[in-house]
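Shown next: protein_4.json, containing JSON, N, CA and C atoms.
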```
[["chain", "number", "residue", "atom", "x", "y", "z"],
["A", 1, "MET", "N", -52.76, -24.45, -50.31],
["A", 1, "MET", "CA", -53.25, -23.26, -49.68],
["A", 1, "MET", "C", -53.12, -23.34, -48.16],
["A", 2, "GLU", "N", -53.47, -24.47, -47.62],
["A", 2, "GLU", "CA", -53.39, -24.65, -46.18],
["A", 2, "GLU", "C", -51.94, -24.56, -45.71],
["A", 3, "ARG", "N", -51.05, -25.07, -46.51],
["A", 3, "ARG", "CA", -49.63, -25.03, -46.17],
["A", 3, "ARG", "C", -49.14, -23.58, -46.13],
["A", 4, "MET", "N", -49.61, -22.75, -47.04],
["A", 4, "MET", "CA", -49.24, -21.35, -47.05],
["A", 4, "MET", "C", -49.77, -20.64, -45.80],
["A", 5, "LYS", "N", -50.97, -21.02, -45.38],
["A", 5, "LYS", "CA", -51.57, -20.43, -44.19],
["A", 5, "LYS", "C", -50.74, -20.80, -42.95],
["A", 6, "ILE", "N", -50.29, -22.04, -42.87],
["A", 6, "ILE", "CA", -49.45, -22.49, -41.75],
["A", 6, "ILE", "C", -48.12, -21.72, -41.76],
["A", 7, "ASN", "N", -47.53, -21.54, -42.92],
["A", 7, "ASN", "CA", -46.29, -20.77, -43.02],
["A", 7, "ASN", "C", -46.49, -19.32, -42.62],
["A", 8, "ASN", "N", -47.63, -18.74, -43.03],
["A", 8, "ASN", "CA", -47.91, -17.36, -42.67],
["A", 8, "ASN", "C", -48.12, -17.23, -41.16],
["A", 9, "ASP", "N", -48.84, -18.21, -40.57],
["A", 9, "ASP", "CA", -49.03, -18.20, -39.11],
["A", 9, "ASP", "C", -47.69, -18.35, -38.40],
["A", 10, "HIS", "N", -46.88, -19.25, -38.91],
["A", 10, "HIS", "CA", -45.55, -19.48, -38.33],
["A", 10, "HIS", "C", -44.68, -18.22, -38.47],
["A", 11, "GLN", "N", -44.76, -17.61, -39.64],
["A", 11, "GLN", "CA", -43.99, -16.39, -39.90],
["A", 11, "GLN", "C", -44.46, -15.25, -39.01],
["A", 12, "SER", "N", -45.76, -15.12, -38.80],
["A", 12, "SER", "CA", -46.27, -14.04, -37.96],
["A", 12, "SER", "C", -45.88, -14.27, -36.49],
["A", 13, "LYS", "N", -45.85, -15.53, -36.03],
["A", 13, "LYS", "CA", -45.41, -15.82, -34.67],
["A", 13, "LYS", "C", -43.93, -15.47, -34.49],
["A", 14, "ILE", "N", -43.14, -15.76, -35.50],
["A", 14, "ILE", "CA", -41.71, -15.41, -35.45],
["A", 14, "ILE", "C", -41.55, -13.90, -35.42],
["A", 15, "ASN", "N", -42.35, -13.20, -36.24],
["A", 15, "ASN", "CA", -42.27, -11.73, -36.25],
["A", 15, "ASN", "C", -42.66, -11.14, -34.90],
["A", 16, "ILE", "N", -43.70, -11.68, -34.29],
["A", 16, "ILE", "CA", -44.13, -11.20, -32.98],
["A", 16, "ILE", "C", -43.04, -11.49, -31.94],
["A", 17, "LEU", "N", -42.46, -12.66, -32.00],
["A", 17, "LEU", "CA", -41.40, -13.02, -31.06],
["A", 17, "LEU", "C", -40.19, -12.11, -31.23],
["A", 18, "LEU", "N", -39.82, -11.84, -32.48],
["A", 18, "LEU", "CA", -38.69, -10.94, -32.74],
["A", 18, "LEU", "C", -38.99, -9.52, -32.27],
["A", 19, "LEU", "N", -40.22, -9.07, -32.51],
["A", 19, "LEU", "CA", -40.61, -7.73, -32.05],
["A", 19, "LEU", "C", -40.56, -7.65, -30.52],
["A", 20, "ALA", "N", -41.02, -8.69, -29.84],
["A", 20, "ALA", "CA", -40.98, -8.72, -28.38],
["A", 20, "ALA", "C", -39.54, -8.71, -27.89],
["A", 21, "ALA", "N", -38.66, -9.48, -28.55],
["A", 21, "ALA", "CA", -37.25, -9.53, -28.15],
["A", 21, "ALA", "C", -36.59, -8.17, -28.35],
["A", 22, "VAL", "N", -36.85, -7.54, -29.49],
["A", 22, "VAL", "CA", -36.27, -6.22, -29.76],
["A", 22, "VAL", "C", -36.78, -5.21, -28.75],
["A", 23, "SER", "N", -38.07, -5.26, -28.43],
["A", 23, "SER", "CA", -38.64, -4.35, -27.43],
["A", 23, "SER", "C", -38.01, -4.57, -26.06],
["A", 24, "LEU", "N", -37.85, -5.83, -25.69],
["A", 24, "LEU", "CA", -37.23, -6.15, -24.41],
["A", 24, "LEU", "C", -35.80, -5.62, -24.35],
["A", 25, "PHE", "N", -35.03, -5.84, -25.41],
["A", 25, "PHE", "CA", -33.65, -5.35, -25.43],
["A", 25, "PHE", "C", -33.60, -3.82, -25.41],
["A", 26, "ALA", "N", -34.56, -3.16, -26.04],
["A", 26, "ALA", "CA", -34.61, -1.70, -26.01],
["A", 26, "ALA", "C", -34.87, -1.20, -24.59],
["A", 27, "VAL", "N", -35.78, -1.85, -23.88],
["A", 27, "VAL", "CA", -36.08, -1.47, -22.49],
["A", 27, "VAL", "C", -34.85, -1.71, -21.61],
["A", 28, "ILE", "N", -34.21, -2.83, -21.79],
["A", 28, "ILE", "CA", -33.00, -3.14, -21.00],
["A", 28, "ILE", "C", -31.92, -2.10, -21.28],
["A", 29, "GLN", "N", -31.76, -1.70, -22.54],
["A", 29, "GLN", "CA", -30.75, -0.72, -22.88],
["A", 29, "GLN", "C", -31.05, 0.63, -22.22],
["A", 30, "VAL", "N", -32.31, 1.04, -22.23],
["A", 30, "VAL", "CA", -32.68, 2.31, -21.60],
["A", 30, "VAL", "C", -32.41, 2.27, -20.10],
["A", 31, "VAL", "N", -32.77, 1.16, -19.46],
["A", 31, "VAL", "CA", -32.54, 1.03, -18.02],
["A", 31, "VAL", "C", -31.04, 1.07, -17.71],
["A", 32, "LEU", "N", -30.25, 0.33, -18.47],
["A", 32, "LEU", "CA", -28.81, 0.32, -18.22],
["A", 32, "LEU", "C", -28.17, 1.68, -18.49],
["A", 33, "LEU", "N", -28.56, 2.35, -19.55],
["A", 33, "LEU", "CA", -28.01, 3.68, -19.84],
["A", 33, "LEU", "C", -28.38, 4.67, -18.75],
["A", 34, "ASN", "N", -29.58, 4.58, -18.23],
["A", 34, "ASN", "CA", -30.00, 5.44, -17.13],
["A", 34, "ASN", "C", -29.14, 5.18, -15.89],
["A", 35, "LYS", "N", -28.92, 3.91, -15.61],
["A", 35, "LYS", "CA", -28.10, 3.56, -14.45],
["A", 35, "LYS", "C", -26.67, 4.05, -14.63],
["A", 36, "PHE", "N", -26.10, 3.86, -15.81],
["A", 36, "PHE", "CA", -24.73, 4.30, -16.06],
["A", 36, "PHE", "C", -24.61, 5.82, -16.00],
["A", 37, "SER", "N", -25.63, 6.53, -16.44],
["A", 37, "SER", "CA", -25.55, 7.99, -16.39],
["A", 37, "SER", "C", -25.56, 8.49, -14.95],
["A", 38, "THR", "N", -26.36, 7.87, -14.08],
["A", 38, "THR", "CA", -26.38, 8.29, -12.68],
["A", 38, "THR", "C", -25.07, 7.91, -12.00],
["A", 39, "VAL", "N", -24.49, 6.78, -12.37],
["A", 39, "VAL", "CA", -23.19, 6.39, -11.81],
["A", 39, "VAL", "C", -22.13, 7.39, -12.25],
["A", 40, "GLY", "N", -22.21, 7.85, -13.50],
["A", 40, "GLY", "CA", -21.26, 8.85, -13.99],
["A", 40, "GLY", "C", -21.36, 10.15, -13.24],
["A", 41, "ILE", "N", -22.58, 10.56, -12.92],
["A", 41, "ILE", "CA", -22.78, 11.79, -12.14],
["A", 41, "ILE", "C", -22.19, 11.63, -10.75],
["A", 42, "LYS", "N", -22.43, 10.49, -10.13],
["A", 42, "LYS", "CA", -21.86, 10.24, -8.79],
["A", 42, "LYS", "C", -20.33, 10.21, -8.85],
["A", 43, "LEU", "N", -19.79, 9.59, -9.89],
["A", 43, "LEU", "CA", -18.35, 9.51, -10.05],
["A", 43, "LEU", "C", -17.76, 10.90, -10.22],
["A", 44, "SER", "N", -18.40, 11.73, -10.99],
["A", 44, "SER", "CA", -17.94, 13.10, -11.18],
["A", 44, "SER", "C", -17.97, 13.87, -9.86],
["A", 45, "SER", "N", -19.01, 13.67, -9.09],
["A", 45, "SER", "CA", -19.12, 14.32, -7.78],
["A", 45, "SER", "C", -18.01, 13.84, -6.85],
["A", 46, "LEU", "N", -17.74, 12.55, -6.84],
["A", 46, "LEU", "CA", -16.68, 12.01, -5.99],
["A", 46, "LEU", "C", -15.31, 12.52, -6.42],
["A", 47, "ASN", "N", -15.09, 12.65, -7.73],
["A", 47, "ASN", "CA", -13.82, 13.20, -8.21],
["A", 47, "ASN", "C", -13.65, 14.64, -7.74],
["A", 48, "GLY", "N", -14.74, 15.40, -7.72],
["A", 48, "GLY", "CA", -14.69, 16.77, -7.21],
["A", 48, "GLY", "C", -14.35, 16.80, -5.73],
["A", 49, "GLN", "N", -14.93, 15.89, -4.97],
["A", 49, "GLN", "CA", -14.63, 15.81, -3.54],
["A", 49, "GLN", "C", -13.19, 15.40, -3.30],
["A", 50, "ILE", "N", -12.68, 14.48, -4.11],
["A", 50, "ILE", "CA", -11.28, 14.05, -3.98],
["A", 50, "ILE", "C", -10.36, 15.23, -4.23],
["A", 51, "GLN", "N", -10.63, 16.00, -5.28],
["A", 51, "GLN", "CA", -9.79, 17.16, -5.60],
["A", 51, "GLN", "C", -9.83, 18.18, -4.48],
["A", 52, "SER", "N", -11.02, 18.41, -3.93],
["A", 52, "SER", "CA", -11.16, 19.36, -2.83],
["A", 52, "SER", "C", -10.37, 18.90, -1.60],
["A", 53, "LEU", "N", -10.45, 17.60, -1.28],
["A", 53, "LEU", "CA", -9.70, 17.08, -0.13],
["A", 53, "LEU", "C", -8.20, 17.12, -0.37],
["A", 54, "GLN", "N", -7.77, 16.90, -1.61],
["A", 54, "GLN", "CA", -6.35, 16.99, -1.91],
["A", 54, "GLN", "C", -5.86, 18.42, -1.76],
["A", 55, "ASP", "N", -6.67, 19.38, -2.18],
["A", 55, "ASP", "CA", -6.31, 20.79, -2.01],
["A", 55, "ASP", "C", -6.22, 21.15, -0.53],
["A", 56, "ASP", "N", -7.20, 20.69, 0.25],
["A", 56, "ASP", "CA", -7.17, 20.94, 1.70],
["A", 56, "ASP", "C", -5.95, 20.29, 2.34],
["A", 57, "ASN", "N", -5.61, 19.09, 1.89],
["A", 57, "ASN", "CA", -4.45, 18.39, 2.43],
["A", 57, "ASN", "C", -3.17, 19.16, 2.13],
["A", 58, "SER", "N", -3.06, 19.71, 0.94],
["A", 58, "SER", "CA", -1.88, 20.51, 0.59],
["A", 58, "SER", "C", -1.77, 21.74, 1.47],
["A", 59, "LEU", "N", -2.92, 22.41, 1.70],
["A", 59, "LEU", "CA", -2.90, 23.59, 2.57],
["A", 59, "LEU", "C", -2.49, 23.23, 3.99],
["A", 60, "LEU", "N", -3.00, 22.11, 4.49],
["A", 60, "LEU", "CA", -2.64, 21.68, 5.85],
["A", 60, "LEU", "C", -1.17, 21.30, 5.93],
["A", 61, "THR", "N", -0.64, 20.70, 4.89],
["A", 61, "THR", "CA", 0.78, 20.35, 4.87],
["A", 61, "THR", "C", 1.63, 21.60, 4.92],
["A", 62, "GLU", "N", 1.22, 22.63, 4.20],
["A", 62, "GLU", "CA", 1.95, 23.90, 4.24],
["A", 62, "GLU", "C", 1.86, 24.54, 5.62],
["A", 63, "LYS", "N", 0.69, 24.47, 6.24],
["A", 63, "LYS", "CA", 0.53, 25.03, 7.59],
["A", 63, "LYS", "C", 1.40, 24.29, 8.60],
["A", 64, "ILE", "N", 1.48, 22.96, 8.47],
["A", 64, "ILE", "CA", 2.32, 22.17, 9.37],
["A", 64, "ILE", "C", 3.78, 22.54, 9.19],
["A", 65, "ALA", "N", 4.20, 22.68, 7.95],
["A", 65, "ALA", "CA", 5.59, 23.04, 7.68],
["A", 65, "ALA", "C", 5.90, 24.42, 8.24],
["A", 66, "SER", "N", 4.96, 25.33, 8.11],
["A", 66, "SER", "CA", 5.16, 26.68, 8.63],
["A", 66, "SER", "C", 5.19, 26.68, 10.16],
["A", 67, "ALA", "N", 4.28, 25.93, 10.77],
["A", 67, "ALA", "CA", 4.20, 25.90, 12.23],
["A", 67, "ALA", "C", 5.40, 25.20, 12.85],
["A", 68, "SER", "N", 6.01, 24.28, 12.14],
["A", 68, "SER", "CA", 7.14, 23.55, 12.71],
["A", 68, "SER", "C", 8.48, 24.19, 12.37],
["A", 69, "ALA", "N", 8.46, 25.33, 11.71],
["A", 69, "ALA", "CA", 9.70, 26.02, 11.40],
["A", 69, "ALA", "C", 10.32, 26.56, 12.68],
["A", 70, "ILE", "N", 11.64, 26.59, 12.73],
["A", 70, "ILE", "CA", 12.37, 27.03, 13.93],
["A", 70, "ILE", "C", 11.99, 28.46, 14.30],
["A", 71, "ALA", "N", 11.88, 29.34, 13.34],
["A", 71, "ALA", "CA", 11.54, 30.74, 13.63],
["A", 71, "ALA", "C", 10.16, 30.84, 14.27],
["A", 72, "THR", "N", 9.21, 30.08, 13.78],
["A", 72, "THR", "CA", 7.86, 30.10, 14.34],
["A", 72, "THR", "C", 7.86, 29.56, 15.77],
["A", 73, "ILE", "N", 8.56, 28.48, 15.98],
["A", 73, "ILE", "CA", 8.63, 27.88, 17.33],
["A", 73, "ILE", "C", 9.30, 28.85, 18.30],
["A", 74, "SER", "N", 10.36, 29.50, 17.87],
["A", 74, "SER", "CA", 11.06, 30.46, 18.72],
["A", 74, "SER", "C", 10.16, 31.64, 19.06],
["A", 75, "GLN", "N", 9.42, 32.14, 18.10],
["A", 75, "GLN", "CA", 8.53, 33.26, 18.33],
["A", 75, "GLN", "C", 7.41, 32.87, 19.30],
["A", 76, "GLU", "N", 6.83, 31.71, 19.13],
["A", 76, "GLU", "CA", 5.76, 31.28, 20.03],
["A", 76, "GLU", "C", 6.30, 30.99, 21.43],
["A", 77, "ALA", "N", 7.50, 30.49, 21.52],
["A", 77, "ALA", "CA", 8.10, 30.26, 22.84],
["A", 77, "ALA", "C", 8.29, 31.58, 23.56],
["A", 78, "GLY", "N", 8.70, 32.63, 22.83],
["A", 78, "GLY", "CA", 8.85, 33.96, 23.42],
["A", 78, "GLY", "C", 7.52, 34.50, 23.90],
["A", 79, "GLN", "N", 6.44, 34.22, 23.21],
["A", 79, "GLN", "CA", 5.12, 34.67, 23.64],
["A", 79, "GLN", "C", 4.67, 33.98, 24.92],
["A", 80, "PHE", "N", 5.15, 32.78, 25.16],
["A", 80, "PHE", "CA", 4.83, 32.06, 26.39],
["A", 80, "PHE", "C", 5.77, 32.41, 27.53],
["A", 81, "GLY", "N", 6.71, 33.29, 27.28],
["A", 81, "GLY", "CA", 7.61, 33.73, 28.33],
["A", 81, "GLY", "C", 8.89, 32.92, 28.42],
["A", 82, "LEU", "N", 9.15, 32.06, 27.49],
["A", 82, "LEU", "CA", 10.38, 31.30, 27.49],
["A", 82, "LEU", "C", 11.47, 32.14, 26.84],
["A", 83, "ALA", "N", 12.66, 32.07, 27.39],
["A", 83, "ALA", "CA", 13.77, 32.88, 26.87],
["A", 83, "ALA", "C", 14.91, 31.97, 26.48],
["A", 84, "LYS", "N", 15.72, 32.44, 25.57],
["A", 84, "LYS", "CA", 16.89, 31.68, 25.13],
["A", 84, "LYS", "C", 17.96, 31.78, 26.21],
["A", 85, "THR", "N", 18.52, 30.67, 26.57],
["A", 85, "THR", "CA", 19.54, 30.65, 27.61],
["A", 85, "THR", "C", 20.92, 30.57, 26.97],
["A", 86, "SER", "N", 21.89, 31.16, 27.66],
["A", 86, "SER", "CA", 23.25, 31.13, 27.13],
["A", 86, "SER", "C", 24.05, 29.95, 27.70],
["A", 87, "THR", "N", 23.56, 29.36, 28.79],
["A", 87, "THR", "CA", 24.28, 28.22, 29.38],
["A", 87, "THR", "C", 23.68, 26.92, 28.85],
["A", 88, "LEU", "N", 24.54, 25.98, 28.63],
["A", 88, "LEU", "CA", 24.11, 24.68, 28.15],
["A", 88, "LEU", "C", 24.15, 23.67, 29.29],
["A", 89, "ILE", "N", 23.19, 22.81, 29.33],
["A", 89, "ILE", "CA", 23.17, 21.72, 30.32],
["A", 89, "ILE", "C", 23.31, 20.43, 29.56],
["A", 90, "SER", "N", 24.28, 19.64, 29.97],
["A", 90, "SER", "CA", 24.51, 18.37, 29.30],
["A", 90, "SER", "C", 24.04, 17.24, 30.20],
["A", 91, "LEU", "N", 23.42, 16.28, 29.64],
["A", 91, "LEU", "CA", 22.95, 15.14, 30.42],
["A", 91, "LEU", "C", 23.99, 14.03, 30.50],
["A", 92, "ASP", "N", 25.14, 14.24, 29.83],
["A", 92, "ASP", "CA", 26.21, 13.25, 29.90],
["A", 92, "ASP", "C", 26.87, 13.23, 31.28],
["A", 93, "THR", "N", 26.98, 14.39, 31.90],
["A", 93, "THR", "CA", 27.59, 14.46, 33.23],
["A", 93, "THR", "C", 26.47, 14.61, 34.26],
["A", 94, "PRO", "N", 26.64, 14.03, 35.43],
["A", 94, "PRO", "CA", 25.60, 14.13, 36.44],
["A", 94, "PRO", "C", 25.42, 15.57, 36.91],
["A", 95, "LEU", "N", 24.19, 15.94, 37.17],
["A", 95, "LEU", "CA", 23.90, 17.27, 37.68],
["A", 95, "LEU", "C", 24.27, 17.31, 39.16],
["A", 96, "PRO", "N", 24.56, 18.51, 39.70],
["A", 96, "PRO", "CA", 24.98, 18.59, 41.11],
["A", 96, "PRO", "C", 23.95, 18.03, 42.07],
["A", 97, "VAL", "N", 22.68, 18.24, 41.83],
["A", 97, "VAL", "CA", 21.65, 17.73, 42.75],
["A", 97, "VAL", "C", 21.65, 16.19, 42.71],
["A", 98, "ALA", "N", 21.72, 15.64, 41.55],
["A", 98, "ALA", "CA", 21.73, 14.20, 41.43],
["A", 98, "ALA", "C", 23.01, 13.62, 42.01],
["A", 99, "TYR", "N", 24.10, 14.34, 41.87],
["A", 99, "TYR", "CA", 25.38, 13.86, 42.39],
["A", 99, "TYR", "C", 25.37, 13.85, 43.90],
["A", 100, "SER", "N", 24.80, 14.88, 44.51],
["A", 100, "SER", "CA", 24.78, 14.92, 45.97],
["A", 100, "SER", "C", 23.83, 13.89, 46.54],
["A", 101, "LEU", "N", 22.78, 13.59, 45.85],
["A", 101, "LEU", "CA", 21.88, 12.53, 46.30],
["A", 101, "LEU", "C", 22.59, 11.18, 46.23],
["A", 102, "GLN", "N", 23.39, 10.99, 45.23],
["A", 102, "GLN", "CA", 24.08, 9.73, 45.05],
["A", 102, "GLN", "C", 25.14, 9.52, 46.13],
["A", 103, "SER", "N", 25.82, 10.59, 46.51],
["A", 103, "SER", "CA", 26.87, 10.46, 47.53],
["A", 103, "SER", "C", 26.28, 10.27, 48.91],
["A", 104, "SER", "N", 25.04, 10.76, 49.15],
["A", 104, "SER", "CA", 24.45, 10.61, 50.48],
["A", 104, "SER", "C", 23.85, 9.23, 50.69],
["A", 105, "LEU", "N", 23.66, 8.50, 49.64],
["A", 105, "LEU", "CA", 23.10, 7.14, 49.78],
["A", 105, "LEU", "C", 24.17, 6.25, 50.18]]
```

Just give me the structure of the file as structure tokens.
Amino acid sequence: MERMKINNDHQSKINILLLAAVSLFAVIQVVLLNKFSTVGIKLSSLNGQIQSLQDDNSLLTEKIASASAIATISQEAGQFGLAKTSTLISLDTPLPVAYSLQSSL
């Protein structure tokens, strides 16, 4: 009889230990799932920001391409009072002012 009582006490201690372990693992699982869900929300938000920045980058690339087009540059130069010249100046040959300075030295 006493041996049965010892086994029952031993069995109840094991049951309590197992219940405590299962409870601990359940709490750990809830904490980890909560943490992962908030990380998922942050990740989703960051993905949205990345997409928004990529869209803005595409628009800016198009604006740069448009602003650097020859027609746009020519039109803006005309607005600043610059005009297209029919004479070409080449830097391969010395200019008259530079040539006269060279001969006077």

### Task
Enumerate the residues of chain A with a DSSP assignment of helix (DSSP H, G or I), computed from the backbone, and present them as a ChimeraX atom specification.
/A:2-67,70-79,96-104

One-decimal distance in Å that lies between atom N of Ala26 (chain A) and atom C of Ile14 (chain A):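 Atom-to-atom, atom C of Ile14 (chain A) and atom N of Ala26 (chain A) are spaced 15.9 Å apart.
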
Atom pair atom N of Ser23 (chain A) + atom N of Gln11 (chain A), distance 18.0 Å

Report the distance between atom C of Leu60 (chain A) and CA of Leu82 (chain A) in Å, rounded to one decimal place.
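Those two atoms sit 26.4 Å apart.
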
Determine the axis-aligned bounding box of all atoms of region 69-79 of chain A present in the file, pad each side by 4 Å, and express its centre and edge lengths in Å to one decimal place as lines of an AutoDock Vina configuration file.
```
center_x = 8.5
center_y = 30.0
center_z = 18.2
size_x = 15.7
size_y = 17.3
size_z = 21.5
```
